[in-house]
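Q: Structure supplied as upload-v6.cif; contents: mmCIF, C-alpha atoms.
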data_my_file
loop_
_atom_site.label_atom_id
_atom_site.label_comp_id
_atom_site.auth_asym_id
_atom_site.auth_seq_id
_atom_site.Cartn_x
_atom_site.Cartn_y
_atom_site.Cartn_z
CA MET A 457 109.43 117.44 118.61
CA LEU A 458 106.26 117.52 116.56
CA VAL A 459 106.75 118.20 112.88
CA GLY A 460 103.65 119.09 110.89
CA ARG A 461 100.57 117.23 112.04
CA GLN A 462 101.68 113.63 112.46
CA SER A 463 105.47 113.36 112.46
CA TRP A 464 108.11 113.41 115.14
CA CYS A 465 111.71 114.49 114.88
CA PHE A 466 113.82 112.87 117.59
CA ASP A 467 116.39 115.51 118.48
CA SER A 468 118.36 113.20 120.78
CA LYS A 469 118.53 110.56 118.03
CA PRO A 470 118.10 107.41 120.17
CA VAL A 471 120.69 104.77 119.32
CA ILE A 472 119.79 101.25 118.26
CA ILE A 473 122.38 99.63 120.51
CA SER A 474 121.44 96.13 119.44
CA SER A 475 119.00 94.28 117.24
CA ALA A 476 118.10 90.65 116.71
CA ALA A 477 116.15 88.57 114.22
CA VAL A 478 115.14 84.95 114.66
CA GLY A 479 113.35 82.79 112.11
CA GLY A 480 111.69 79.45 111.57
CA PRO A 481 112.78 76.50 109.42
CA PHE A 482 111.43 77.99 106.18
CA GLU A 483 113.26 81.28 106.84
CA SER A 484 116.54 79.39 107.30
CA LYS A 485 116.47 78.87 103.54
CA CYS A 486 115.34 82.40 102.62
CA LEU A 487 117.40 84.91 100.65
CA LEU A 488 118.30 86.92 103.75
CA ALA A 489 119.19 83.92 105.94
CA ASP A 490 122.68 85.31 106.65
CA ASP A 491 121.16 88.28 108.46
CA PHE A 492 119.24 86.19 111.00
CA ASP A 493 120.79 85.45 114.39
CA GLU A 494 119.11 82.14 114.94
CA PHE A 495 116.66 79.68 113.41
CA ALA A 496 114.21 77.29 115.00
CA GLU A 497 114.56 73.73 113.73
CA ASP A 498 110.83 73.20 113.39
CA LEU A 499 107.58 75.15 113.78
CA TRP A 500 107.03 73.84 117.31
CA LEU A 501 110.20 74.92 119.16
CA GLY A 502 109.61 72.11 121.60
CA GLU A 503 106.20 73.46 122.61
CA ASP A 504 102.82 71.79 122.21
CA SER A 505 101.09 74.58 120.30
CA PHE A 506 102.04 77.02 117.54
CA GLU A 507 101.00 79.91 119.79
CA LYS A 508 103.41 78.83 122.51
CA ALA A 509 106.08 78.46 119.85
CA GLU A 510 105.47 82.08 118.84
CA VAL A 511 105.98 83.21 122.44
CA LYS A 512 109.27 81.36 122.45
CA LEU A 513 110.37 82.99 119.17
CA LEU A 514 109.65 86.41 120.59
CA GLU A 515 111.51 85.63 123.83
CA LYS A 516 114.48 84.34 121.85
CA ALA A 517 114.66 87.55 119.81
CA CYS A 518 114.45 89.71 122.94
CA GLU A 519 117.04 87.64 124.79
CA LYS A 520 119.36 87.76 121.81
CA ALA A 521 119.03 91.56 121.62
CA LEU A 522 119.74 91.83 125.37
CA GLU A 523 122.76 89.56 125.04
CA LYS A 524 124.17 91.57 122.13
CA ALA A 525 123.69 94.81 124.06
CA GLY A 526 125.31 93.30 127.12
CA LEU A 527 122.25 94.12 129.20
CA LYS A 528 120.08 92.18 131.62
CA SER A 529 116.32 92.38 131.42
CA GLU A 530 116.31 94.36 134.72
CA ASP A 531 118.25 97.14 132.96
CA VAL A 532 115.50 97.75 130.44
CA ASN A 533 112.78 100.19 131.48
CA PHE A 534 110.07 99.27 129.01
CA MET A 535 109.21 96.64 126.47
CA ILE A 536 106.84 97.58 123.63
CA SER A 537 105.48 94.66 121.68
CA GLY A 538 102.56 93.42 119.63
CA ASP A 539 101.59 90.50 117.39
CA LEU A 540 98.75 88.99 115.37
CA ASP A 541 97.26 86.58 117.89
CA ASN A 542 94.03 87.12 119.74
CA GLN A 543 94.49 89.87 122.34
CA ILE A 544 98.24 89.92 121.52
CA THR A 545 98.91 87.06 123.94
CA SER A 546 102.29 86.20 122.39
CA SER A 547 103.60 89.60 123.39
CA SER A 548 102.04 89.64 126.85
CA PHE A 549 103.22 86.12 127.64
CA SER A 550 106.75 86.98 126.48
CA ALA A 551 106.70 90.03 128.74
CA ARG A 552 105.59 87.73 131.56
CA GLY A 553 108.71 85.67 131.06
CA LEU A 554 111.09 88.60 130.52
CA LYS A 555 109.74 90.60 133.48
CA ILE A 556 110.21 93.94 131.73
CA PRO A 557 107.52 96.61 132.30
CA TYR A 558 105.35 96.18 129.25
CA ILE A 559 103.32 98.25 126.81
CA GLY A 560 101.24 96.03 124.51
CA ILE A 561 100.30 97.50 121.14
CA PHE A 562 98.32 96.28 118.16
CA GLY A 563 99.12 97.55 114.68
CA ALA A 564 98.92 94.22 112.85
CA CYS A 565 101.99 93.99 110.60
CA SER A 566 102.80 97.68 111.14
CA THR A 567 103.62 96.84 114.78
CA SER A 568 107.39 96.84 114.18
CA MET A 569 107.63 100.52 113.24
CA GLU A 570 104.74 101.54 115.51
CA GLY A 571 106.74 100.08 118.41
CA LEU A 572 110.02 101.61 117.24
CA ALA A 573 108.41 105.05 116.82
CA LEU A 574 106.85 104.95 120.29
CA ALA A 575 110.05 103.62 121.86
CA SER A 576 112.04 106.43 120.22
CA LYS A 577 109.54 109.02 121.43
CA ILE A 578 109.82 107.72 125.01
CA MET A 579 113.62 107.83 124.76
CA ASP A 580 113.60 111.29 123.21
CA ASN A 581 111.41 112.63 126.01
CA GLY A 582 113.81 111.30 128.60
CA GLY A 583 111.28 108.68 129.67
CA ALA A 584 113.69 105.76 129.76
CA ASN A 585 117.30 104.68 129.69
CA TYR A 586 116.66 101.60 127.60
CA VAL A 587 113.56 100.54 125.68
CA LEU A 588 113.03 97.21 123.96
CA ALA A 589 110.74 97.14 120.91
CA ALA A 590 109.80 93.76 119.50
CA THR A 591 107.26 91.84 117.52
CA ALA A 592 106.68 88.31 116.22
CA SER A 593 104.52 86.24 113.92
CA HIS A 594 104.20 82.52 113.32
CA ASN A 595 103.01 81.16 109.99
CA ALA A 596 100.86 78.35 111.40
CA ALA A 597 99.47 80.43 114.27
CA ALA A 598 98.50 83.23 111.86
CA GLU A 599 96.90 80.81 109.40
CA LYS A 600 94.89 79.38 112.29
CA GLN A 601 93.94 82.86 113.47
CA PHE A 602 92.84 84.25 110.13
CA ARG A 603 92.08 81.34 107.80
CA TYR A 604 90.67 78.59 109.98
CA PRO A 605 89.97 75.79 109.11
CA THR A 606 93.35 75.24 107.49
CA GLU A 607 93.14 71.44 107.55
CA TYR A 608 91.48 71.01 104.20
CA GLY A 609 94.20 73.00 102.49
CA ALA A 610 92.06 75.49 100.61
CA GLN A 611 93.54 77.02 97.47
CA LYS A 612 95.10 80.43 97.70
CA PRO A 613 94.99 83.02 94.92
CA PRO A 614 98.23 84.52 93.51
CA THR A 615 97.66 87.71 95.52
CA SER A 616 97.91 85.88 98.85
CA GLN A 617 101.03 86.13 101.02
CA TRP A 618 103.11 83.94 103.31
CA THR A 619 103.30 84.87 107.00
CA VAL A 620 106.90 84.93 108.20
CA THR A 621 107.69 82.69 111.17
CA GLY A 622 110.06 84.75 113.25
CA ALA A 623 110.60 87.62 115.60
CA GLY A 624 112.59 90.83 115.61
CA ALA A 625 113.72 92.99 118.49
CA VAL A 626 115.71 96.20 118.98
CA ILE A 627 117.04 97.91 122.07
CA LEU A 628 117.29 101.68 122.13
CA GLY A 629 119.81 103.46 124.30
CA ARG A 630 120.91 107.05 124.83
CA LYS A 631 124.46 106.75 123.61
CA GLY A 632 126.82 104.36 121.97
CA ASP A 633 127.63 103.34 118.46
CA GLY A 634 124.92 102.21 116.11
CA PRO A 635 122.17 103.30 113.76
CA ARG A 636 120.09 106.16 115.13
CA VAL A 637 116.36 106.74 114.94
CA VAL A 638 115.87 110.28 113.73
CA ALA A 639 112.23 110.67 112.78
CA ALA A 640 108.87 108.97 112.49
CA THR A 641 105.57 109.55 110.75
CA ILE A 642 102.45 107.99 112.26
CA GLY A 643 99.99 106.88 109.60
CA LYS A 644 96.26 107.37 109.20
CA VAL A 645 93.87 104.44 108.84
CA ILE A 646 92.95 104.30 105.18
CA ASP A 647 90.24 102.11 103.71
CA MET A 648 89.72 101.84 99.97
CA GLY A 649 86.94 99.28 100.33
CA ILE A 650 88.93 96.14 99.60
CA SER A 651 87.40 93.15 101.40
CA ASP A 652 89.44 90.24 100.05
CA PRO A 653 91.51 88.78 102.91
CA PHE A 654 93.74 87.14 100.29
CA ASN A 655 94.78 90.49 98.86
CA LEU A 656 96.12 92.42 101.83
CA GLY A 657 98.88 94.01 99.76
CA ALA A 658 96.28 95.95 97.78
CA ALA A 659 94.44 96.90 100.98
CA MET A 660 97.61 98.33 102.55
CA ALA A 661 99.24 100.01 99.53
CA PRO A 662 97.20 103.26 99.73
CA ALA A 663 98.11 103.66 103.42
CA ALA A 664 101.80 103.16 102.63
CA VAL A 665 101.69 105.76 99.85
CA ASP A 666 99.86 108.24 102.09
CA THR A 667 102.45 107.91 104.85
CA ILE A 668 105.32 108.28 102.35
CA GLU A 669 103.75 111.40 100.87
CA VAL A 670 103.01 112.95 104.29
CA HIS A 671 106.54 112.14 105.48
CA PHE A 672 108.14 113.94 102.53
CA ASN A 673 105.82 116.92 102.91
CA GLU A 674 106.11 117.37 106.66
CA PHE A 675 109.90 117.13 106.68
CA ASN A 676 110.12 119.02 103.40
CA ILE A 677 112.52 116.50 101.87
CA GLU A 678 112.85 114.82 98.50
CA PRO A 679 112.85 111.02 98.09
CA ASP A 680 116.56 111.17 97.21
CA PHE A 681 117.23 112.16 100.83
CA TYR A 682 117.15 108.40 101.50
CA ASP A 683 119.35 105.57 100.27
CA LEU A 684 116.48 103.14 100.65
CA ILE A 685 112.75 103.31 101.24
CA ALA A 686 111.26 99.97 102.23
CA THR A 687 107.61 99.18 102.84
CA GLY A 688 106.76 96.42 105.30
CA ASP A 689 104.83 93.65 103.62
CA LEU A 690 103.00 94.81 100.51
CA GLY A 691 104.32 91.85 98.51
CA PHE A 692 104.70 91.96 94.74
CA THR A 693 101.01 92.80 94.15
CA GLY A 694 100.81 95.60 96.70
CA TYR A 695 104.22 96.95 95.70
CA SER A 696 103.22 97.45 92.08
CA ILE A 697 99.97 99.14 93.20
CA ALA A 698 101.98 101.42 95.52
CA ASN A 699 104.30 102.31 92.63
CA GLU A 700 101.33 103.29 90.47
CA LEU A 701 99.79 105.36 93.25
CA LEU A 702 103.10 107.16 93.89
CA LEU A 703 103.39 108.03 90.20
CA LYS A 704 99.81 109.36 90.21
CA LYS A 705 100.73 111.63 93.10
CA GLY A 706 103.74 112.83 91.14
CA ILE A 707 106.27 111.22 93.49
CA ARG A 708 109.09 109.85 91.39
CA LEU A 709 111.47 107.44 93.05
CA ARG A 710 114.74 106.68 91.31
CA GLU A 711 115.51 103.10 90.46
CA ASN A 712 116.56 100.78 93.31
CA LEU A 713 115.42 103.32 95.90
CA PHE A 714 112.04 101.79 96.72
CA THR A 715 111.60 98.19 97.81
CA ASP A 716 109.43 96.03 100.04
CA CYS A 717 110.47 93.71 102.89
CA GLY A 718 107.82 91.23 101.73
CA MET A 719 109.63 90.87 98.40
CA LEU A 720 113.17 90.91 99.78
CA ILE A 721 112.96 88.02 102.21
CA TYR A 722 111.89 85.12 99.97
CA GLY A 723 112.18 86.68 96.52
CA LYS A 724 109.93 85.26 93.82
CA ASP A 725 109.32 81.88 95.44
CA PRO A 726 106.14 80.27 94.04
CA LYS A 727 105.38 78.82 97.47
CA VAL A 728 104.83 82.26 98.95
CA PHE A 729 102.67 83.62 96.08
CA SER A 730 102.78 87.43 96.25
CA GLY A 731 105.50 87.55 98.92
CA ALA A 732 105.88 87.63 102.67
CA SER A 733 103.70 89.19 105.35
CA GLY A 734 103.24 89.15 109.11
CA CYS A 735 104.63 91.26 111.94
CA ALA A 736 107.95 89.44 111.65
CA CYS A 737 108.32 90.36 107.96
CA SER A 738 109.28 94.01 108.36
CA ALA A 739 110.77 93.29 111.80
CA THR A 740 113.24 90.59 110.75
CA VAL A 741 114.16 92.29 107.47
CA THR A 742 114.73 95.67 109.13
CA TYR A 743 116.32 94.51 112.38
CA GLY A 744 118.40 91.89 110.58
CA HIS A 745 119.17 92.69 106.96
CA LEU A 746 118.71 96.46 106.72
CA LEU A 747 120.45 97.38 109.99
CA ASN A 748 123.33 95.08 109.04
CA LYS A 749 123.68 96.91 105.76
CA MET A 750 123.77 100.20 107.68
CA ARG A 751 126.43 98.85 110.03
CA LYS A 752 128.50 97.83 107.00
CA GLY A 753 128.14 101.34 105.64
CA GLU A 754 126.18 100.24 102.57
CA LEU A 755 123.19 102.35 103.60
CA LYS A 756 123.29 105.66 105.42
CA ARG A 757 119.69 106.81 105.58
CA ILE A 758 116.67 104.57 105.33
CA LEU A 759 112.94 104.99 105.70
CA VAL A 760 110.99 101.91 106.73
CA ILE A 761 107.22 102.08 106.24
CA ALA A 762 105.70 99.11 108.08
CA THR A 763 102.26 98.33 106.72
CA GLY A 764 99.36 96.72 108.55
CA ALA A 765 95.95 95.36 107.58
CA LEU A 766 93.61 96.12 110.45
CA LEU A 767 91.13 93.30 109.99
CA SER A 768 89.95 90.68 112.44
CA PRO A 769 88.54 87.24 111.59
CA MET A 770 85.18 88.55 112.85
CA SER A 771 85.26 91.76 110.79
CA TYR A 772 85.75 90.03 107.47
CA GLN A 773 83.18 87.34 108.25
CA GLN A 774 80.79 90.26 108.74
CA LYS A 775 81.84 91.53 105.29
CA GLU A 776 83.60 94.63 106.58
CA SER A 777 86.25 96.04 104.27
CA ILE A 778 89.91 95.91 105.28
CA PRO A 779 91.47 99.18 106.49
CA GLY A 780 95.20 99.63 106.11
CA ILE A 781 97.75 101.59 108.11
CA ALA A 782 101.43 102.43 107.67
CA HIS A 783 103.97 103.91 110.05
CA GLY A 784 107.27 105.27 108.81
CA VAL A 785 110.51 105.42 110.78
CA SER A 786 113.65 107.12 109.55
CA ILE A 787 116.98 105.62 110.62
CA GLU A 788 120.46 106.92 109.88
CA TYR A 789 123.99 105.80 110.53
CA PHE A 790 127.06 107.87 109.81
CA TYR A 791 130.38 106.82 111.15
CA MET B 1486 84.20 52.66 80.03
CA GLU B 1487 81.72 55.23 78.82
CA LYS B 1488 80.57 55.81 82.41
CA LEU B 1489 84.16 56.43 83.46
CA ILE B 1490 84.46 59.19 80.89
CA TRP B 1491 81.18 60.79 81.98
CA ALA B 1492 82.22 60.55 85.63
CA PHE B 1493 85.44 62.32 84.75
CA LEU B 1494 83.70 65.04 82.73
CA ILE B 1495 80.82 65.73 85.12
CA GLY B 1496 83.01 65.53 88.24
CA GLY B 1497 85.56 67.79 86.58
CA GLY B 1498 82.78 70.12 85.41
CA ILE B 1499 81.47 70.54 88.97
CA CYS B 1500 85.00 71.34 90.18
CA ALA B 1501 85.41 73.81 87.31
CA VAL B 1502 82.26 75.62 88.46
CA GLY B 1503 83.78 75.83 91.95
CA GLN B 1504 87.03 77.20 90.51
CA ILE B 1505 85.13 79.84 88.52
CA LEU B 1506 83.23 80.88 91.67
CA MET B 1507 86.56 81.39 93.44
CA ASP B 1508 88.44 83.08 90.60
CA ALA B 1509 85.79 85.15 88.82
CA LEU B 1510 83.45 86.00 91.71
CA ARG B 1511 86.33 86.25 94.24
CA MET B 1512 84.51 83.90 96.63
CA THR B 1513 86.41 82.56 99.64
CA PRO B 1514 86.87 78.77 99.84
CA ALA B 1515 84.24 78.59 102.60
CA HIS B 1516 81.69 80.52 100.53
CA THR B 1517 82.41 78.37 97.50
CA MET B 1518 81.90 75.19 99.49
CA THR B 1519 78.58 76.27 101.00
CA THR B 1520 77.37 77.51 97.62
CA MET B 1521 78.07 74.08 96.11
CA VAL B 1522 76.20 72.41 98.98
CA VAL B 1523 73.19 74.68 98.43
CA ILE B 1524 73.22 74.05 94.66
CA GLY B 1525 73.34 70.30 95.35
CA ALA B 1526 70.44 70.58 97.81
CA VAL B 1527 68.30 72.55 95.35
CA LEU B 1528 69.00 70.11 92.51
CA GLY B 1529 68.34 67.23 94.93
CA GLY B 1530 65.04 68.77 96.00
CA LEU B 1531 63.97 69.02 92.38
CA GLY B 1532 64.97 65.39 91.88
CA TRP B 1533 67.61 66.25 89.27
CA TYR B 1534 70.72 65.36 91.19
CA ASP B 1535 69.89 61.64 91.33
CA LYS B 1536 69.57 61.64 87.56
CA LEU B 1537 73.03 63.12 87.37
CA VAL B 1538 74.30 60.39 89.72
CA ASP B 1539 72.70 57.67 87.53
CA PHE B 1540 74.42 59.20 84.57
CA ALA B 1541 77.86 60.11 85.97
CA GLY B 1542 78.27 57.89 89.07
CA ALA B 1543 81.15 58.93 91.26
CA GLY B 1544 81.59 62.04 89.14
CA ALA B 1545 78.45 63.36 90.86
CA THR B 1546 78.67 61.64 94.26
CA THR B 1547 82.26 62.65 95.11
CA PRO B 1548 82.01 66.50 94.97
CA ILE B 1549 80.56 68.35 97.97
CA SER B 1550 77.36 69.09 96.00
CA SER B 1551 76.42 65.46 96.64
CA PHE B 1552 76.33 66.30 100.36
CA GLY B 1553 73.68 68.95 99.64
CA ASN B 1554 71.71 66.39 97.63
CA ALA B 1555 71.86 63.92 100.53
CA LEU B 1556 70.69 66.61 102.99
CA ALA B 1557 67.64 67.39 100.85
CA LYS B 1558 66.87 63.79 100.02
CA GLY B 1559 66.98 62.70 103.67
CA ALA B 1560 64.68 65.55 104.68
CA ILE B 1561 62.16 64.75 101.93
CA LEU B 1562 62.26 61.03 102.70
CA GLU B 1563 61.56 61.44 106.41
CA ALA B 1564 58.98 64.15 105.76
CA GLY B 1565 57.00 61.61 103.77
CA GLN B 1566 56.99 59.20 106.72
CA HIS B 1567 56.77 61.50 109.75
CA GLY B 1568 55.49 64.83 108.46
CA TRP B 1569 57.15 68.16 109.34
CA ILE B 1570 59.19 66.75 112.20
CA GLY B 1571 60.67 64.34 109.67
CA VAL B 1572 62.24 67.29 107.85
CA LEU B 1573 64.34 67.96 110.94
CA THR B 1574 65.23 64.34 111.74
CA GLY B 1575 65.79 63.48 108.08
CA ILE B 1576 68.38 66.14 107.27
CA PHE B 1577 71.14 64.07 108.84
CA GLU B 1578 69.59 60.68 108.01
CA LEU B 1579 71.68 60.02 104.90
CA THR B 1580 74.58 62.30 105.72
CA SER B 1581 75.30 60.94 109.20
CA THR B 1582 77.78 58.41 107.80
CA GLY B 1583 79.90 61.13 106.28
CA ILE B 1584 79.72 63.40 109.32
CA SER B 1585 80.47 60.62 111.82
CA ALA B 1586 83.31 59.34 109.64
CA ALA B 1587 84.81 62.85 109.48
CA ILE B 1588 84.71 63.20 113.27
CA ILE B 1589 85.99 59.69 114.07
CA PHE B 1590 88.76 59.58 111.45
CA GLY B 1591 89.69 63.18 112.25
CA PHE B 1592 90.05 62.22 115.90
CA ILE B 1593 92.15 59.15 115.10
CA ALA B 1594 94.40 61.17 112.76
CA SER B 1595 94.91 63.79 115.48
CA LEU B 1596 96.11 61.08 117.86
CA ILE B 1597 98.69 59.78 115.39
CA PHE B 1598 99.93 62.88 113.56
CA LYS B 1599 101.13 66.35 114.41
CA PRO B 1600 99.97 69.23 112.17
CA LYS B 1601 102.64 70.57 109.85
CA GLY B 1602 101.24 74.10 109.79
#
Could you spell out this file's structure in structure tokens?
A:
Amino acid sequence: MLVGRQSWCFDSKPVIISSAAVGGPFESKCLLADDFDEFAEDLWLGEDSFEKAEVKLLEKACEKALEKAGLKSEDVNFMISGDLDNQITSSSFSARGLKIPYIGIFGACSTSMEGLALASKIMDNGGANYVLAATASHNAAAEKQFRYPTEYGAQKPPTSQWTVTGAGAVILGRKGDGPRVVAATIGKVIDMGISDPFNLGAAMAPAAVDTIEVHFNEFNIEPDFYDLIATGDLGFTGYSIANELLLKKGIRLRENLFTDCGMLIYGKDPKVFSGASGCACSATVTYGHLLNKMRKGELKRILVIATGALLSPMSYQQKESIPGIAHGVSIEYFY
Amino acid sequence: MEKLIWAFLIGGGICAVGQILMDALRMTPAHTMTTMVVIGAVLGGLGWYDKLVDFAGAGATTPISSFGNALAKGAILEAGQHGWIGVLTGIFELTSTGISAAIIFGFIASLIFKPKG
């Protein structure tokens, strides 16, 4: 059901019957390592390119989610996926292997919640029995895509972020036990004129704040309705900008309510500068860590606002500014 | 000994300019590199870069600005001998060593090593 202009309330509350998160070697040492299902031993996964390795990561996450749900790929009606590679080949090639009818989407790093929102809408409309929503990113493939040539090891400023190597997947079903998707707010593309590809957190923060504000207004709720509000990958820089913008709009969030997946996964590790990013950032943190916390009863209602920077290598070479987007999905679990 | 110190100071100074371009003017690494090449070419064209090399040695020849100097110097040299067409043939006259070395050693390295990311 449509709520306000850009939000959906899912009356049937589709159930997240299973979720999976896989990571790379660097992620195996991250703060949230316990919440991952599996780690790759190296960045190659036995393949001869980083892009092929990313396909494998995504397939692993989907297969793990299927296994946990006790389903075969034939049981799933649709797969919704996207990634950061040219023409989202990682997603399409994974769908080729999994043989699940496929909807490819591009929302940069907001893909996780974009996919989950669309999957929930399909479920809520009776359009499927099971939908798989997934996304992946690979550090080396993303560096190659956006910051080529990487070979000379150019310096990065403190505002830059570290792309997560990993993949996250969820399977939605009609019934069963598990966290339920109750609502979503689809974000607007917002561009504040930032053109520095090493400061994506700042480019995305206004979009995140807009979606948060719209979500509260359209559902007529207060921030305290949630136990946790997590943005996707603003990093430490973008997170502090988002906090300032929220205060300016008069939205006060109590302490420990608001966090960011890009800060949670690695913490303040100097190697990652301002924090984590990439499609797999919000996907692995949400589908691993946050859903686990819900299953343990530590969180009852969460709002995940996945943030995306909608640039292409071509657009920033042509000096275009970097538009941001953010999609929010509300998940609850009472047992 | 004195030349060593000057090489250190001038070489370090050129790198400091590059760092300022990146930090203060928010230039990307690629923009910074091309800017340094252009500065080197302009100074080379004016004949100033060679004076810097005489003075600071490797401090001036090691940074990428030296590549710009070599581009300009080659073009001017060949222009003197062959006229306008020399400008085109001369650009890579002095720099061909560096470019060929980059391609050949890059190729060899790619045969032996696997990228780490």
Q: How many Å separate CA of Leu628 (chain A) from CA of Ala477 (chain A)?
A: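 Answer for the CA of Leu628 (chain A) to CA of Ala477 (chain A) separation: 15.4 Å.
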Q: Counting all atoms listed in the file, what are the residues of chain B within 8 Å of chain A, and for each of them which pair of atoms is the nearest and at what distance in Å, to one decimal? Sort the table by chain and rising number, as a tab-separated table.
A:
residue	atom	partner	partner_atom	distance
B:Asp1508	CA	A:Pro613	CA	7.8
B:Arg1511	CA	A:Asp652	CA	7.7
B:Pro1514	CA	A:Ala610	CA	6.2
B:Lys1601	CA	A:Leu499	CA	7.8
B:Gly1602	CA	A:Ala596	CA	4.6
Q: Write the residues of the preceding selection, restricted to C-alpha atoms, as a PDB file, keeping the file's coordinate frame.
A:
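Full text of part-v8.pdb as output:
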ATOM      1  CA  ASP B1508      88.440  83.080  90.600  1.00  0.00           C
ATOM      2  CA  ARG B1511      86.330  86.250  94.240  1.00  0.00           C
ATOM      3  CA  PRO B1514      86.870  78.770  99.840  1.00  0.00           C
ATOM      4  CA  LYS B1601     102.640  70.570 109.850  1.00  0.00           C
ATOM      5  CA  GLY B1602     101.240  74.100 109.790  1.00  0.00           C
TER       6      GLY B1602
END
Q: Could you expand the PyMOL selection byres ((chain B and resi 1574-1577) around 8) into the explicit residues it covers here, written as a list in words?
A: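 The output of the PyMOL selection byres ((chain B and resi 1574-1577) around 8) on this file is Ala1555, Leu1556, Ala1557, Lys1558, Gly1559, Ala1560, Ile1561, Leu1562, Glu1563, Ala1564, Ile1570, Gly1571, Val1572, Leu1573, Glu1578, Leu1579, Thr1580 and Ser1581 of chain B.
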Q: Applied to this file, what does the PyMOL selection byres ((chain A and resi 755) around 9) return in terms of residues, put as a list of chain:residue names?
A: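 Given this file, the PyMOL selection byres ((chain A and resi 755) around 9) evaluates to A:Tyr682, A:Asp683, A:Leu684, A:Leu746, A:Leu747, A:Lys749, A:Met750, A:Arg751, A:Lys752, A:Gly753, A:Glu754, A:Lys756, A:Arg757, A:Ile758, A:Glu788, A:Tyr789.
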Q: To test the calculation: enclose all listed atoms of region 464-475 of chain A in a box whose edges run along x, y and z, add 8 Å on each side, then state centre and edge lengths in Å to one decimal, as AutoDock Vina command-line options.
A:
--center_x 115.2 --center_y 104.9 --center_z 117.8 --size_x 30.3 --size_y 37.2 --size_z 21.9
Q: Need the shell around region 1537-1551 of chain B: protein/DNA/RNA residues with any atom at most 9 Å away, counting all atoms listed in the file. Skip same-chain ones fewer than 4 positions apart. Format as a PyMOL selection string?
A: chain B and resi 1488-1500+1518-1526+1529+1533+1555-1556
Q: Grab the CA of Glu519 (chain A) to CA of Asn585 (chain A) distance for me, in Å with one decimal place.
A: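 Spanning CA of Glu519 (chain A) to CA of Asn585 (chain A) is a straight-line distance of 17.7 Å.
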Q: Just the residues within 9 Å of Glu483 (chain A), please, counting all atoms listed in the file, with nothing from its chain fewer than 5 positions along; format it as a ChimeraX atom specification.
A: /A:478,488-489,492,495,620-622,721-722
Q: Applied to this file, what does the PyMOL selection byres ((chain A and resi 563-574) around 8) return in terms of residues, put as a VMD selection string?
A: chain A and resid 536 to 540 561 to 562 575 to 578 589 to 591 639 to 640 642 688 to 689 733 to 739 760 to 766 781 to 785
Q: Atoms to include: C-alpha atoms. Write the selected residues as a short mmCIF file (atom, residue, chain, number, x, y, z; two decimals), keeping the file's coordinate frame.
A:
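New file result-v1.cif:
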data_model
loop_
_atom_site.label_atom_id
_atom_site.label_comp_id
_atom_site.auth_asym_id
_atom_site.auth_seq_id
_atom_site.Cartn_x
_atom_site.Cartn_y
_atom_site.Cartn_z
CA ILE A 536 106.84 97.58 123.63
CA SER A 537 105.48 94.66 121.68
CA GLY A 538 102.56 93.42 119.63
CA ASP A 539 101.59 90.50 117.39
CA LEU A 540 98.75 88.99 115.37
CA ILE A 561 100.30 97.50 121.14
CA PHE A 562 98.32 96.28 118.16
CA ALA A 575 110.05 103.62 121.86
CA SER A 576 112.04 106.43 120.22
CA LYS A 577 109.54 109.02 121.43
CA ILE A 578 109.82 107.72 125.01
CA ALA A 589 110.74 97.14 120.91
CA ALA A 590 109.80 93.76 119.50
CA THR A 591 107.26 91.84 117.52
CA ALA A 639 112.23 110.67 112.78
CA ALA A 640 108.87 108.97 112.49
CA ILE A 642 102.45 107.99 112.26
CA GLY A 688 106.76 96.42 105.30
CA ASP A 689 104.83 93.65 103.62
CA SER A 733 103.70 89.19 105.35
CA GLY A 734 103.24 89.15 109.11
CA CYS A 735 104.63 91.26 111.94
CA ALA A 736 107.95 89.44 111.65
CA CYS A 737 108.32 90.36 107.96
CA SER A 738 109.28 94.01 108.36
CA ALA A 739 110.77 93.29 111.80
CA VAL A 760 110.99 101.91 106.73
CA ILE A 761 107.22 102.08 106.24
CA ALA A 762 105.70 99.11 108.08
CA THR A 763 102.26 98.33 106.72
CA GLY A 764 99.36 96.72 108.55
CA ALA A 765 95.95 95.36 107.58
CA LEU A 766 93.61 96.12 110.45
CA ILE A 781 97.75 101.59 108.11
CA ALA A 782 101.43 102.43 107.67
CA HIS A 783 103.97 103.91 110.05
CA GLY A 784 107.27 105.27 108.81
CA VAL A 785 110.51 105.42 110.78
#
Q: Name the closest residue to Ala1515 (chain B) among the candidates B:Gly1591, B:Gly1503, B:Gly1583, B:Gly1530; distances are taken between atoms, counting only C-alpha atoms.
A: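 That would be B:Gly1503, the residue with the smallest distance to Ala1515 (chain B).
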Q: Quick one, how far is CA of Glu711 (chain A) from CA of Phe692 (chain A)?
A: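 CA of Phe692 (chain A) lies at a distance of 16.1 Å from CA of Glu711 (chain A).
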Q: Quick one: everything within 12 Å of Glu678 (chain A), counting only C-alpha atoms, minus sequence neighbours fewer than 2 positions away in the same chain. Send it as a VMD selection string.
A: chain A and resid 668 to 676 680 to 683 685 706 to 710
Q: Give the answer as one residue: which of A:Ser550, A:Asn748, A:Ser616, A:Thr740 has the shortest atom-to-atom distance to Glu494 (chain A), using all atoms listed in the file?
A: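 Checking each candidate against Glu494 (chain A), we get A:Thr740 as the closest.
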